[in-house]
Amino acid sequence: MNPSKTTSTQKNIMHLTNEHIEEVRIEMQYLAPIPFFALWKTNKKVVIEQYEHYTKGSFRNRCYIAGPNGILRLTIPLEKGKNTQQPIKEVRIANHSNWQMQHWRSIRSAYGKAPFFEYYADEIEPFYTNKYAFLFDFGVQLTKKIKEILEIPTKLDFSSSYELENESKTIDLRGVFKPPEVGDLTGIGMQQKPYAQVFGERYSFLPNLSIIDLIFCKGPEASLLLSQSLMDKKTNI
């Protein structure tokens with residue numbers, strides 16, 4: 001987590017439930033960690049940055065799930081080239097590899113026995129059978145589907161240009177969430193509430209995994225748990 005970015009964010013944010021905040025700006029992420037979607041719960045609008053350059057080693061093409069042997073990373077392979085110098089909308093997926101089948105097998109292996117896997121699997125599996133040429137397009141469509149599953153009414157929009165500085169009513173969280181661990185989010189008003197996970201008898205609670213961990217484990221309760229991830233309004237930052 002970039003210290004200067006975090007400090008700047010803390011000064012401007014005051015709190016995620018502040019009535020004066022109009023939007024949150026963040027980058028596109030692949031099956032984003034739970035805090036990404038918790039941000040949507042108390043904000044009027046989420047703006048996905050579409051004019052940035054791709055950043056290697058980020059959640060843009062990777063996510064983390066809970067497997068039988070611990071945390072498992074799933075990474076979307078990209079076409080070889082200088083992706084870090086490419087606009088995010090031009091980054092191509094390396095579809096010559098069988099990554100979609102591998103990812104879906106890993107997801108099924110991890111969550112096949114989760115209480116709500118069968119309930120939601122048919123909605124998510126098509127993203128692992130249909131081909132997408134560009135990383136951004138795939139990530140955005142999958143994010144829209146997750147938003148639909150969670151029944152989050154918050155408006156989704158896209159940036160019209162890349163702005164280094166944002167208006168005071170905008171929370172700039174671009175680059176704040178970085179793998180492998182999301183990190184301590186109390187500084188931006190978040191603290192995840194534990195819930196029963198598939199391999200809970202083997203491991204202590206694993207926070208900030210991909211949103212599919214919460215969806216497959218808690219089903220309709222997932223949206224409520226997202227709201228409970230936001231700290232009390234009186235919490236000081």
# chains A, B, ... in the order shown; residues from 1 in each chain; ligands from 1

$ select_by_dssp --residues "segment 82-206 of chain A" --states "strand (DSSP E)" --output "VMD selection string"
chain A and resid 155 to 158 170 to 172

$ closest_residue --among "A:Phe134, A:Asp157, A:Ala32, A:Lys144" --to "Glu79 of chain A" --atoms "only C-alpha atoms"
A:Phe134

$ residues_around --residues "Gly81 of chain A" --least-positions-apart "5" --cutoff "10 Å" --atoms "only C-alpha atoms" --output "list in words"
Gln86, Val91 and Arg92 of chain A

$ closest_residue --among "A:Leu209, A:Ile93, A:Ala66, A:Val46" --to "Ile107 of chain A" --atoms "only C-alpha atoms"
A:Ala66

$ closest_residue --among "A:Lys147, A:Arg174, A:His96, A:Lys169" --to "Gln50 of chain A" --atoms "only C-alpha atoms"
A:Arg174

$ select_by_dssp --residues "segment 81-192 of chain A" --states "helix (DSSP H, G or I)" --output "VMD selection string"
chain A and resid 83 to 85 88 to 90 99 to 111 117 to 128 135 to 149 186 to 188

$ write_last_selection --atoms "N, CA and C atoms" --output "short mmCIF file (atom, residue, chain, number, x, y, z; two decimals), in the first residue's frame"
data_model
loop_
_atom_site.label_atom_id
_atom_site.label_comp_id
_atom_site.auth_asym_id
_atom_site.auth_seq_id
_atom_site.Cartn_x
_atom_site.Cartn_y
_atom_site.Cartn_z
N ASN A 83 3.22 -4.96 -21.05
CA ASN A 83 1.87 -4.64 -20.58
C ASN A 83 1.84 -3.44 -19.67
N THR A 84 2.94 -3.22 -18.90
CA THR A 84 2.96 -2.10 -17.96
C THR A 84 2.93 -0.76 -18.66
N GLN A 85 3.20 -0.75 -19.95
CA GLN A 85 3.17 0.49 -20.71
C GLN A 85 1.91 0.62 -21.55
N ILE A 88 -4.89 0.14 -20.02
CA ILE A 88 -5.54 -1.05 -19.49
C ILE A 88 -6.54 -1.65 -20.48
N LYS A 89 -7.19 -0.84 -21.29
CA LYS A 89 -8.18 -1.35 -22.22
C LYS A 89 -7.57 -2.07 -23.42
N GLU A 90 -6.25 -1.99 -23.56
CA GLU A 90 -5.57 -2.63 -24.69
C GLU A 90 -4.85 -3.91 -24.29
N TRP A 99 -6.43 -21.36 -19.35
CA TRP A 99 -6.57 -20.76 -18.03
C TRP A 99 -8.01 -20.79 -17.51
N GLN A 100 -8.99 -20.62 -18.40
CA GLN A 100 -10.38 -20.57 -17.95
C GLN A 100 -10.81 -21.90 -17.33
N MET A 101 -10.48 -22.99 -18.00
CA MET A 101 -10.81 -24.30 -17.46
C MET A 101 -10.09 -24.54 -16.15
N GLN A 102 -8.81 -24.14 -16.06
CA GLN A 102 -8.03 -24.32 -14.84
C GLN A 102 -8.62 -23.52 -13.69
N HIS A 103 -9.00 -22.28 -13.97
CA HIS A 103 -9.58 -21.44 -12.92
C HIS A 103 -10.90 -22.02 -12.42
N TRP A 104 -11.75 -22.43 -13.36
CA TRP A 104 -13.05 -22.94 -12.94
C TRP A 104 -12.91 -24.25 -12.16
N ARG A 105 -11.97 -25.09 -12.56
CA ARG A 105 -11.72 -26.31 -11.81
C ARG A 105 -11.27 -25.99 -10.39
N SER A 106 -10.42 -24.99 -10.27
CA SER A 106 -9.94 -24.59 -8.94
C SER A 106 -11.07 -24.04 -8.10
N ILE A 107 -11.93 -23.24 -8.71
CA ILE A 107 -13.07 -22.66 -8.00
C ILE A 107 -14.03 -23.76 -7.56
N ARG A 108 -14.31 -24.70 -8.46
CA ARG A 108 -15.21 -25.80 -8.13
C ARG A 108 -14.62 -26.68 -7.03
N SER A 109 -13.30 -26.93 -7.11
CA SER A 109 -12.64 -27.75 -6.09
C SER A 109 -12.70 -27.06 -4.73
N ALA A 110 -12.55 -25.73 -4.73
CA ALA A 110 -12.54 -24.98 -3.47
C ALA A 110 -13.93 -24.82 -2.89
N TYR A 111 -14.93 -24.61 -3.75
CA TYR A 111 -16.26 -24.22 -3.25
C TYR A 111 -17.38 -25.18 -3.62
N PHE A 117 -22.84 -22.83 -3.53
CA PHE A 117 -22.12 -22.96 -4.80
C PHE A 117 -23.07 -23.30 -5.94
N GLU A 118 -23.89 -24.32 -5.75
CA GLU A 118 -24.79 -24.75 -6.82
C GLU A 118 -25.81 -23.67 -7.18
N TYR A 119 -26.13 -22.85 -6.22
CA TYR A 119 -27.12 -21.79 -6.44
C TYR A 119 -26.60 -20.72 -7.40
N TYR A 120 -25.29 -20.40 -7.30
CA TYR A 120 -24.72 -19.31 -8.09
C TYR A 120 -23.79 -19.77 -9.21
N ALA A 121 -23.41 -21.03 -9.23
CA ALA A 121 -22.42 -21.51 -10.20
C ALA A 121 -22.82 -21.24 -11.64
N ASP A 122 -24.10 -21.45 -11.96
CA ASP A 122 -24.55 -21.27 -13.34
C ASP A 122 -24.44 -19.82 -13.81
N GLU A 123 -24.43 -18.88 -12.88
CA GLU A 123 -24.31 -17.48 -13.27
C GLU A 123 -22.86 -17.08 -13.52
N ILE A 124 -21.95 -17.76 -12.88
CA ILE A 124 -20.53 -17.39 -12.99
C ILE A 124 -19.77 -18.24 -14.00
N GLU A 125 -20.16 -19.50 -14.15
CA GLU A 125 -19.42 -20.41 -15.03
C GLU A 125 -19.28 -19.91 -16.47
N PRO A 126 -20.28 -19.23 -17.07
CA PRO A 126 -20.11 -18.76 -18.45
C PRO A 126 -18.88 -17.88 -18.67
N PHE A 127 -18.41 -17.23 -17.62
CA PHE A 127 -17.22 -16.40 -17.77
C PHE A 127 -15.96 -17.27 -17.94
N TYR A 128 -16.11 -18.56 -17.73
CA TYR A 128 -14.99 -19.48 -17.88
C TYR A 128 -15.18 -20.42 -19.07
N LEU A 135 -8.53 -8.00 -21.24
CA LEU A 135 -8.64 -8.14 -19.79
C LEU A 135 -9.69 -7.20 -19.21
N PHE A 136 -9.70 -5.96 -19.65
CA PHE A 136 -10.63 -4.97 -19.09
C PHE A 136 -12.08 -5.37 -19.35
N ASP A 137 -12.37 -5.80 -20.56
CA ASP A 137 -13.73 -6.19 -20.90
C ASP A 137 -14.19 -7.37 -20.05
N PHE A 138 -13.31 -8.36 -19.90
CA PHE A 138 -13.65 -9.52 -19.07
C PHE A 138 -13.91 -9.10 -17.63
N GLY A 139 -12.99 -8.30 -17.07
CA GLY A 139 -13.12 -7.88 -15.67
C GLY A 139 -14.37 -7.06 -15.41
N VAL A 140 -14.69 -6.18 -16.34
CA VAL A 140 -15.86 -5.32 -16.16
C VAL A 140 -17.15 -6.14 -16.21
N GLN A 141 -17.26 -7.03 -17.19
CA GLN A 141 -18.48 -7.84 -17.30
C GLN A 141 -18.66 -8.75 -16.10
N LEU A 142 -17.57 -9.31 -15.60
CA LEU A 142 -17.65 -10.17 -14.42
C LEU A 142 -18.03 -9.34 -13.19
N THR A 143 -17.48 -8.14 -13.07
CA THR A 143 -17.81 -7.26 -11.96
C THR A 143 -19.29 -6.88 -11.99
N LYS A 144 -19.82 -6.63 -13.16
CA LYS A 144 -21.25 -6.30 -13.29
C LYS A 144 -22.11 -7.48 -12.84
N LYS A 145 -21.68 -8.69 -13.17
CA LYS A 145 -22.44 -9.87 -12.76
C LYS A 145 -22.43 -10.03 -11.23
N ILE A 146 -21.27 -9.82 -10.63
CA ILE A 146 -21.17 -9.91 -9.16
C ILE A 146 -22.04 -8.84 -8.51
N LYS A 147 -22.02 -7.65 -9.05
CA LYS A 147 -22.85 -6.56 -8.55
C LYS A 147 -24.33 -6.94 -8.62
N GLU A 148 -24.71 -7.60 -9.70
CA GLU A 148 -26.09 -8.06 -9.87
C GLU A 148 -26.44 -9.14 -8.85
N ILE A 149 -25.54 -10.09 -8.64
CA ILE A 149 -25.78 -11.16 -7.67
C ILE A 149 -25.97 -10.59 -6.28
N THR A 186 -8.51 -0.39 8.21
CA THR A 186 -9.20 0.45 9.20
C THR A 186 -9.00 1.92 8.88
N GLY A 187 -7.90 2.25 8.20
CA GLY A 187 -7.63 3.64 7.85
C GLY A 187 -8.63 4.22 6.86
N ILE A 188 -9.33 3.35 6.13
CA ILE A 188 -10.36 3.83 5.21
C ILE A 188 -11.73 3.35 5.66
#
